[in-house]
>>> print(open('work15.tsv').read())   # TSV, C-alpha atoms
chain	number	residue	atom	x	y	z
A	1	ILE	CA	-20.37	-25.54	2.13
A	2	GLU	CA	-23.17	-27.85	3.26
A	3	ALA	CA	-24.40	-29.46	6.45
A	4	LEU	CA	-24.01	-33.26	6.40
A	5	LYS	CA	-25.79	-35.99	8.26
A	6	GLU	CA	-23.98	-39.05	9.60
A	7	ASN	CA	-22.54	-41.19	6.76
A	8	GLU	CA	-23.67	-38.62	4.19
A	9	GLU	CA	-21.13	-37.63	1.55
A	10	ALA	CA	-20.51	-34.07	0.53
A	11	THR	CA	-21.31	-33.15	-3.05
A	12	THR	CA	-18.52	-32.11	-5.38
A	13	SER	CA	-18.07	-28.38	-5.79
A	14	ASP	CA	-18.77	-27.12	-9.29
A	15	THR	CA	-16.81	-23.91	-8.72
A	16	PRO	CA	-13.17	-24.89	-8.07
A	17	ASP	CA	-10.93	-21.83	-8.21
A	18	LEU	CA	-7.25	-22.72	-7.91
A	19	SER	CA	-4.57	-21.03	-9.97
A	20	LYS	CA	-0.97	-19.87	-9.80
A	21	ILE	CA	-0.25	-16.17	-9.68
A	22	ILE	CA	2.96	-15.06	-11.36
A	23	ILE	CA	4.48	-11.82	-10.08
A	24	PRO	CA	7.21	-10.46	-12.41
A	25	VAL	CA	10.41	-9.21	-10.79
A	26	HIS	CA	11.85	-5.85	-11.88
A	27	THR	CA	15.06	-3.96	-11.16
A	28	LEU	CA	15.49	-0.52	-9.64
A	29	GLY	CA	18.95	0.96	-9.38
A	30	LYS	CA	21.40	3.80	-9.62
A	31	LYS	CA	25.15	4.20	-9.81
A	32	ILE	CA	27.41	6.96	-8.54
A	33	THR	CA	31.00	7.89	-9.33
A	34	ILE	CA	33.38	8.44	-6.42
A	35	SER	CA	36.90	9.75	-6.81
A	36	MET	CA	39.91	8.02	-5.33
A	37	GLU	CA	40.44	11.00	-3.04
A	38	GLN	CA	36.90	10.76	-1.66
A	39	LEU	CA	37.41	7.08	-0.87
A	40	GLU	CA	40.86	7.47	0.67
A	41	ASP	CA	40.48	10.75	2.53
A	42	PRO	CA	36.79	11.19	3.27
A	43	ASP	CA	35.41	13.68	5.72
A	44	PHE	CA	32.59	11.15	6.15
A	45	ASP	CA	31.61	7.73	4.81
A	46	VAL	CA	30.57	8.66	1.26
A	47	VAL	CA	29.51	5.12	0.33
A	48	SER	CA	27.21	4.70	3.34
A	49	PHE	CA	25.82	8.22	2.91
A	50	ALA	CA	24.92	7.52	-0.72
A	51	GLN	CA	23.52	4.10	0.20
A	52	ASN	CA	21.18	5.68	2.76
A	53	LYS	CA	19.96	8.34	0.32
A	54	ILE	CA	19.49	5.95	-2.60
A	55	SER	CA	17.78	3.25	-0.51
A	56	ARG	CA	15.25	5.80	0.73
A	57	LYS	CA	14.61	6.97	-2.83
A	58	ILE	CA	14.19	3.37	-3.99
A	59	ALA	CA	11.72	2.76	-1.16
A	60	ARG	CA	9.62	5.75	-2.29
A	61	VAL	CA	9.58	4.49	-5.88
A	62	GLN	CA	8.58	1.03	-4.67
A	63	ASN	CA	5.77	2.47	-2.54
A	64	THR	CA	4.43	4.26	-5.61
A	65	ALA	CA	4.59	1.00	-7.55
A	66	PHE	CA	2.70	-0.96	-4.89
A	67	VAL	CA	-0.13	1.60	-4.77
A	68	SER	CA	-0.57	3.10	-8.24
A	69	GLY	CA	2.01	1.27	-10.34
A	70	THR	CA	5.05	2.57	-12.19
A	71	GLY	CA	4.47	1.25	-15.70
A	72	ALA	CA	5.59	-1.83	-17.61
A	73	ALA	CA	9.00	-1.97	-15.90
A	74	GLY	CA	7.64	-1.90	-12.36
A	75	ALA	CA	5.28	-3.63	-9.97
A	76	LYS	CA	1.53	-3.54	-10.54
A	77	GLY	CA	-0.14	-1.39	-7.91
A	78	PHE	CA	-3.36	-2.51	-6.25
A	79	LEU	CA	-5.15	0.55	-7.68
A	80	GLN	CA	-4.26	-0.64	-11.19
A	81	TYR	CA	-6.53	-3.65	-10.82
A	82	ALA	CA	-10.05	-3.21	-12.09
A	83	ALA	CA	-12.39	-1.79	-9.48
A	84	SER	CA	-15.78	-3.40	-9.26
A	85	SER	CA	-18.67	-1.29	-10.50
A	86	PRO	CA	-19.13	1.09	-7.59
A	87	SER	CA	-22.32	0.65	-5.61
A	88	ALA	CA	-23.69	2.63	-2.70
A	89	LEU	CA	-22.40	1.59	0.72
A	90	THR	CA	-25.88	0.37	1.60
A	91	VAL	CA	-25.83	-2.05	-1.35
A	92	ALA	CA	-23.82	-5.29	-1.42
A	93	SER	CA	-21.33	-5.00	-4.27
A	94	SER	CA	-20.56	-8.33	-5.94
A	95	TYR	CA	-17.14	-9.86	-5.41
A	96	THR	CA	-15.14	-11.04	-8.41
A	97	ARG	CA	-11.56	-12.29	-8.52
A	98	GLY	CA	-9.27	-9.84	-10.25
A	99	THR	CA	-11.22	-6.79	-9.07
A	100	ILE	CA	-11.09	-4.73	-5.89
A	101	GLN	CA	-14.51	-4.28	-4.32
A	102	THR	CA	-15.49	-0.64	-4.54
A	103	TYR	CA	-18.20	1.51	-2.96
A	104	LYS	CA	-19.14	5.08	-3.75
A	105	THR	CA	-20.36	8.14	-1.94
A	106	GLY	CA	-23.56	9.88	-2.88
A	107	THR	CA	-22.28	13.38	-3.59
A	108	ALA	CA	-19.62	14.34	-6.13
A	109	GLY	CA	-16.14	14.74	-4.62
A	110	THR	CA	-17.29	14.45	-1.01
A	111	TYR	CA	-17.88	11.88	1.69
A	112	THR	CA	-19.54	11.71	5.09
A	113	THR	CA	-18.23	10.38	8.39
A	114	ASP	CA	-21.02	7.80	8.28
A	115	GLN	CA	-19.60	6.43	5.03
A	116	ILE	CA	-16.14	6.04	6.57
A	117	ILE	CA	-17.66	4.04	9.40
A	118	GLU	CA	-19.74	1.97	6.97
A	119	LEU	CA	-16.63	1.17	4.91
A	120	THR	CA	-15.05	-0.63	7.87
A	121	GLY	CA	-18.10	-2.85	8.11
A	122	LYS	CA	-17.64	-4.10	4.53
A	123	VAL	CA	-14.51	-6.11	5.43
A	124	LEU	CA	-15.09	-9.68	6.61
A	125	GLU	CA	-14.49	-10.60	10.25
A	126	ASP	CA	-11.47	-12.72	9.25
A	127	TYR	CA	-9.60	-9.59	8.23
A	128	GLN	CA	-10.81	-7.07	10.81
A	129	SER	CA	-8.03	-7.60	13.37
A	130	SER	CA	-5.32	-6.76	10.82
A	131	SER	CA	-7.17	-4.07	8.87
A	132	LYS	CA	-5.97	-0.51	8.45
A	133	PHE	CA	-6.79	2.64	6.50
A	134	LEU	CA	-4.64	3.80	3.59
A	135	MET	CA	-4.91	7.42	2.44
A	136	ARG	CA	-2.96	10.59	1.69
A	137	ARG	CA	-1.82	12.79	4.57
A	138	ALA	CA	-4.03	15.63	3.32
A	139	THR	CA	-7.01	13.26	3.19
A	140	PHE	CA	-6.38	12.22	6.80
A	141	VAL	CA	-6.25	15.86	7.89
A	142	ASP	CA	-9.51	16.55	6.04
A	143	LEU	CA	-11.08	13.55	7.75
A	144	ILE	CA	-10.09	14.36	11.33
A	145	LEU	CA	-11.25	17.96	10.93
A	146	ASN	CA	-14.86	16.72	10.76
A	147	LYS	CA	-16.78	18.00	13.78
A	148	SER	CA	-20.10	17.36	15.43
A	149	GLY	CA	-22.81	19.98	15.71
A	150	GLU	CA	-21.34	20.92	19.08
A	151	GLY	CA	-17.91	21.54	17.58
A	152	ASP	CA	-16.24	18.35	18.88
A	153	TYR	CA	-13.91	16.39	16.65
A	154	LEU	CA	-15.54	13.14	15.53
A	155	PHE	CA	-12.37	11.17	14.86
A	156	ASN	CA	-8.97	10.90	16.51
A	157	ARG	CA	-9.73	13.04	19.51
A	158	ALA	CA	-6.27	12.51	21.02
A	159	LEU	CA	-4.68	14.99	18.64
A	160	ASP	CA	-1.79	15.69	21.04
A	161	LYS	CA	-0.22	12.25	20.63
A	162	LYS	CA	3.49	11.93	21.20
A	163	PRO	CA	5.74	11.74	18.11
A	164	GLY	CA	6.01	8.20	16.80
A	165	VAL	CA	2.64	7.10	18.14
A	166	PRO	CA	0.56	5.92	15.14
A	167	PHE	CA	-2.62	7.75	14.23
A	168	ASP	CA	-5.83	5.78	14.10
A	169	ILE	CA	-9.42	6.08	12.96
A	170	LEU	CA	-12.06	4.12	14.87
A	171	GLY	CA	-9.20	2.18	16.48
A	172	TYR	CA	-7.76	1.11	13.11
A	173	PRO	CA	-4.22	2.25	12.21
A	174	VAL	CA	-3.82	4.85	9.48
A	175	VAL	CA	-1.03	4.46	6.91
A	176	PHE	CA	-0.09	7.50	4.84
A	177	ALA	CA	0.48	6.94	1.12
A	178	SER	CA	1.23	10.00	-1.00
A	179	ASP	CA	0.33	7.98	-4.09
A	180	MET	CA	-3.29	7.51	-3.05
A	181	PRO	CA	-5.63	9.83	-5.00
A	182	ALA	CA	-6.45	13.19	-3.46
A	183	ILE	CA	-10.00	14.12	-2.51
A	184	ALA	CA	-11.73	14.93	-5.80
A	185	SER	CA	-14.62	13.84	-7.95
A	186	ASP	CA	-14.36	10.21	-9.08
A	187	ALA	CA	-11.30	9.56	-6.85
A	188	LEU	CA	-10.51	6.34	-4.97
A	189	ALA	CA	-9.50	8.36	-1.94
A	190	PHE	CA	-9.88	5.74	0.82
A	191	ALA	CA	-8.76	2.13	1.07
A	192	PHE	CA	-9.47	-0.09	4.06
A	193	GLY	CA	-8.70	-3.71	4.86
A	194	ASP	CA	-6.01	-6.30	5.47
A	195	PHE	CA	-3.36	-5.45	2.89
A	196	LYS	CA	-1.14	-8.40	3.83
A	197	GLU	CA	-3.94	-10.69	2.66
A	198	CYS	CA	-4.52	-8.61	-0.47
A	199	TYR	CA	-1.11	-7.79	-1.86
A	200	GLN	CA	2.13	-9.77	-2.20
A	201	ILE	CA	5.46	-7.92	-2.26
A	202	VAL	CA	8.45	-9.74	-3.73
A	203	ASP	CA	11.92	-8.73	-2.53
A	204	ARG	CA	14.62	-10.93	-4.06
A	205	MET	CA	17.82	-9.90	-2.26
A	206	GLY	CA	17.20	-6.55	-0.63
A	207	LEU	CA	19.49	-3.64	-1.53
A	208	LYS	CA	22.65	-4.85	-3.27
A	209	VAL	CA	25.84	-2.76	-3.50
A	210	VAL	CA	28.38	-3.56	-6.23
A	211	ARG	CA	31.72	-1.76	-6.41
A	212	ASP	CA	33.54	-1.32	-9.75
A	213	ASP	CA	37.14	-0.08	-9.42
A	214	LEU	CA	38.16	-0.72	-13.03
A	215	SER	CA	35.74	0.85	-15.51
A	216	VAL	CA	36.54	4.49	-14.67
A	217	ALA	CA	39.87	4.11	-12.84
A	218	PRO	CA	41.18	5.85	-10.84
A	219	ASN	CA	37.60	6.70	-9.96
A	220	THR	CA	35.11	4.11	-8.73
A	221	TYR	CA	31.57	3.22	-9.69
A	222	ILE	CA	29.24	2.19	-6.87
A	223	HIS	CA	26.08	0.42	-8.11
A	224	TYR	CA	23.00	0.22	-5.89
A	225	PHE	CA	20.02	-1.85	-6.98
A	226	VAL	CA	17.11	-4.01	-5.86
A	227	ARG	CA	15.04	-6.64	-7.63
A	228	TYR	CA	11.41	-6.48	-6.61
A	229	GLY	CA	7.83	-7.08	-7.67
A	230	GLY	CA	4.27	-6.86	-6.42
A	231	GLY	CA	0.77	-8.01	-7.21
A	232	ALA	CA	-2.66	-8.53	-5.67
A	233	TYR	CA	-3.93	-12.02	-4.89
A	234	GLY	CA	-6.59	-11.69	-2.16
A	235	PHE	CA	-9.35	-9.62	-3.68
A	236	ASP	CA	-11.87	-9.86	-0.83
A	237	SER	CA	-9.70	-8.42	1.96
A	238	VAL	CA	-9.54	-4.74	0.91
A	239	LYS	CA	-12.34	-2.33	0.04
A	240	LEU	CA	-12.18	1.04	-1.70
A	241	LEU	CA	-14.31	4.13	-1.19
A	242	LYS	CA	-14.77	6.15	-4.36
A	243	LEU	CA	-15.98	9.73	-4.27
A	244	SER	CA	-18.80	10.12	-6.77
A	245	ALA	CA	-18.20	11.95	-10.02
>>> encode(input="work15.tsv", output="structure tokens")
Amino acid sequence: IEALKENEEATTSDTPDLSKIIIPVHTLGKKITISMEQLEDPDFDVVSFAQNKISRKIARVQNTAFVSGTGAAGAKGFLQYAASSPSALTVASSYTRGTIQTYKTGTAGTYTTDQIIELTGKVLEDYQSSSKFLMRRATFVDLILNKSGEGDYLFNRALDKKPGVPFDILGYPVVFASDMPAIASDALAFAFGDFKECYQIVDRMGLKVVRDDLSVAPNTYIHYFVRYGGGAYGFDSVKLLKLSA
């Protein structure tokens, strides 16, 4: 970007960066067998009960895929992308497409409250309003237990929030992800940023239910499946904090 005078033409950029990202779509599913008697004389709606259970299980598998990946037959998690060479939070780590910008703590397996605050400052202003923390529940508990020298909690002082009210750190929402690494040496324990601008989730048709009354008659197969995918595309909107090895 350059400042131009009146009637002055802009020079042509020598670093165009336009490409198409292809996100493969994969299938997750399960089938159950229901007897004729269960369908005709149910004590409860067996099909809806199974649908609720299976859809929740599918959602958990998808969440794992979006964070840490589930292999060749699943979505690529954002932690599967190459992390930039970790630099100290006080040093500007270079940004490269295809890598998630990563910073590291100074002591093996530990972090300081200052470093959590500094991590929020590494995300550009464009993404600040939609940014949030992503971490394990146990990591969040470890974080909010930090106290000042006087014994006061440093983060999330309103610990008596009503059920359903989201937790926050420094005013930013906290999202729990059991697939984020636990606090340990060399672990990417904290992620912060605008994940909507970083990661694209593909959901083709939502949960589909297919009933098969013929294959195992007089019983019935009920098939539940989704077609989904996921991949990162905005590599400057999320930052990772890595605990030193």
>>> closest_atom_pairs(input="work15.tsv", of="stretch 44-86 of chain A", to="stretch 182-192 of chain A", cutoff="12 Å", atoms="all atoms listed in the file", output="JSON lines")
{"residue": "A:Val67", "atom": "CA", "partner": "A:Ala191", "partner_atom": "CA", "distance": 10.4}
{"residue": "A:Ser68", "atom": "CA", "partner": "A:Leu188", "partner_atom": "CA", "distance": 11.0}
{"residue": "A:Phe78", "atom": "CA", "partner": "A:Ala191", "partner_atom": "CA", "distance": 10.2}
{"residue": "A:Leu79", "atom": "CA", "partner": "A:Leu188", "partner_atom": "CA", "distance": 8.3}
{"residue": "A:Gln80", "atom": "CA", "partner": "A:Leu188", "partner_atom": "CA", "distance": 11.2}
{"residue": "A:Ala82", "atom": "CA", "partner": "A:Leu188", "partner_atom": "CA", "distance": 11.9}
{"residue": "A:Ala83", "atom": "CA", "partner": "A:Leu188", "partner_atom": "CA", "distance": 9.5}
{"residue": "A:Ser84", "atom": "CA", "partner": "A:Leu188", "partner_atom": "CA", "distance": 11.9}
{"residue": "A:Pro86", "atom": "CA", "partner": "A:Asp186", "partner_atom": "CA", "distance": 10.4}
>>> atom_distance(input="work15.tsv", atom1="atom CA of A:Tyr111", atom2="atom CA of A:Ala232")
26.5 Å
>>> atom_distance(input="work15.tsv", atom1="atom CA of A:Phe140", atom2="atom CA of A:Ser55")
26.8 Å
>>> residues_near_point(input="work15.tsv", point="(15.3, 4.2, -10.6)", cutoff="9 Å", atoms="all atoms listed in the file", output="list in words")
Thr27, Leu28, Gly29, Lys30, Lys57, Ile58, Val61 and Phe225 of chain A
>>> closest_residue(input="work15.tsv", among="A:Phe176, A:Phe44, A:Phe66, A:Phe195", to="A:Ser131", atoms="all atoms listed in the file")
A:Phe195
>>> closest_residue(input="work15.tsv", among="A:Gln62, A:Glu40, A:Ser87, A:Val174", to="A:Gly106", atoms="only C-alpha atoms")
A:Ser87
>>> atom_distance(input="work15.tsv", atom1="atom CA of A:Gly149", atom2="atom CA of A:Gly171")
22.4 Å
>>> build_atoms(input="work15.tsv", residues="stretch 56-75 of chain A", atoms="N, CA, C and O atoms", output="mmCIF file, in the coordinates of the input")
data_model
loop_
_atom_site.group_PDB
_atom_site.id
_atom_site.type_symbol
_atom_site.label_atom_id
_atom_site.label_comp_id
_atom_site.auth_asym_id
_atom_site.auth_seq_id
_atom_site.Cartn_x
_atom_site.Cartn_y
_atom_site.Cartn_z
ATOM 1 N N ARG A 56 16.500 5.110 0.404
ATOM 2 C CA ARG A 56 15.250 5.800 0.730
ATOM 3 C C ARG A 56 14.498 6.201 -0.533
ATOM 4 O O ARG A 56 13.272 6.130 -0.586
ATOM 5 N N LYS A 57 15.246 6.621 -1.559
ATOM 6 C CA LYS A 57 14.610 6.970 -2.830
ATOM 7 C C LYS A 57 13.999 5.729 -3.469
ATOM 8 O O LYS A 57 12.865 5.770 -3.986
ATOM 9 N N ILE A 58 14.718 4.621 -3.441
ATOM 10 C CA ILE A 58 14.190 3.370 -3.990
ATOM 11 C C ILE A 58 12.917 2.967 -3.260
ATOM 12 O O ILE A 58 11.945 2.531 -3.886
ATOM 13 N N ALA A 59 12.909 3.123 -1.943
ATOM 14 C CA ALA A 59 11.720 2.760 -1.160
ATOM 15 C C ALA A 59 10.522 3.597 -1.574
ATOM 16 O O ALA A 59 9.396 3.086 -1.667
ATOM 17 N N ARG A 60 10.730 4.891 -1.859
ATOM 18 C CA ARG A 60 9.620 5.750 -2.290
ATOM 19 C C ARG A 60 9.092 5.313 -3.650
ATOM 20 O O ARG A 60 7.885 5.301 -3.892
ATOM 21 N N VAL A 61 10.013 4.960 -4.549
ATOM 22 C CA VAL A 61 9.580 4.490 -5.880
ATOM 23 C C VAL A 61 8.813 3.181 -5.747
ATOM 24 O O VAL A 61 7.791 2.966 -6.421
ATOM 25 N N GLN A 62 9.273 2.285 -4.880
ATOM 26 C CA GLN A 62 8.580 1.030 -4.670
ATOM 27 C C GLN A 62 7.187 1.263 -4.084
ATOM 28 O O GLN A 62 6.218 0.615 -4.497
ATOM 29 N N ASN A 63 7.080 2.177 -3.130
ATOM 30 C CA ASN A 63 5.770 2.470 -2.540
ATOM 31 C C ASN A 63 4.793 2.957 -3.605
ATOM 32 O O ASN A 63 3.614 2.581 -3.597
ATOM 33 N N THR A 64 5.273 3.804 -4.511
ATOM 34 C CA THR A 64 4.430 4.260 -5.610
ATOM 35 C C THR A 64 3.977 3.074 -6.461
ATOM 36 O O THR A 64 2.808 2.975 -6.848
ATOM 37 N N ALA A 65 4.916 2.167 -6.736
ATOM 38 C CA ALA A 65 4.590 1.000 -7.550
ATOM 39 C C ALA A 65 3.531 0.138 -6.886
ATOM 40 O O ALA A 65 2.596 -0.332 -7.540
ATOM 41 N N PHE A 66 3.637 -0.081 -5.578
ATOM 42 C CA PHE A 66 2.700 -0.960 -4.890
ATOM 43 C C PHE A 66 1.301 -0.372 -4.805
ATOM 44 O O PHE A 66 0.322 -1.116 -4.704
ATOM 45 N N VAL A 67 1.189 0.956 -4.860
ATOM 46 C CA VAL A 67 -0.130 1.600 -4.770
ATOM 47 C C VAL A 67 -0.704 1.868 -6.155
ATOM 48 O O VAL A 67 -1.778 1.367 -6.508
ATOM 49 N N SER A 68 -0.006 2.663 -6.959
ATOM 50 C CA SER A 68 -0.570 3.100 -8.240
ATOM 51 C C SER A 68 0.176 2.578 -9.447
ATOM 52 O O SER A 68 -0.229 2.839 -10.582
ATOM 53 N N GLY A 69 1.266 1.829 -9.229
ATOM 54 C CA GLY A 69 2.010 1.270 -10.340
ATOM 55 C C GLY A 69 2.991 2.249 -10.943
ATOM 56 O O GLY A 69 2.828 3.467 -10.825
ATOM 57 N N THR A 70 4.037 1.713 -11.580
ATOM 58 C CA THR A 70 5.050 2.570 -12.190
ATOM 59 C C THR A 70 5.282 2.220 -13.651
ATOM 60 O O THR A 70 6.331 2.503 -14.210
ATOM 61 N N GLY A 71 4.333 1.568 -14.282
ATOM 62 C CA GLY A 71 4.470 1.250 -15.700
ATOM 63 C C GLY A 71 4.906 -0.178 -15.936
ATOM 64 O O GLY A 71 4.965 -1.004 -15.037
ATOM 65 N N ALA A 72 5.271 -0.461 -17.206
ATOM 66 C CA ALA A 72 5.590 -1.830 -17.610
ATOM 67 C C ALA A 72 6.820 -2.379 -16.916
ATOM 68 O O ALA A 72 6.963 -3.589 -16.757
ATOM 69 N N ALA A 73 7.755 -1.505 -16.503
ATOM 70 C CA ALA A 73 9.000 -1.970 -15.900
ATOM 71 C C ALA A 73 8.943 -1.987 -14.374
ATOM 72 O O ALA A 73 9.972 -2.058 -13.712
ATOM 73 N N GLY A 74 7.767 -1.910 -13.814
ATOM 74 C CA GLY A 74 7.640 -1.900 -12.360
ATOM 75 C C GLY A 74 6.499 -2.761 -11.884
ATOM 76 O O GLY A 74 5.784 -3.379 -12.673
ATOM 77 N N ALA A 75 6.339 -2.826 -10.561
ATOM 78 C CA ALA A 75 5.280 -3.630 -9.970
ATOM 79 C C ALA A 75 3.897 -3.085 -10.339
ATOM 80 O O ALA A 75 3.743 -1.905 -10.651
#
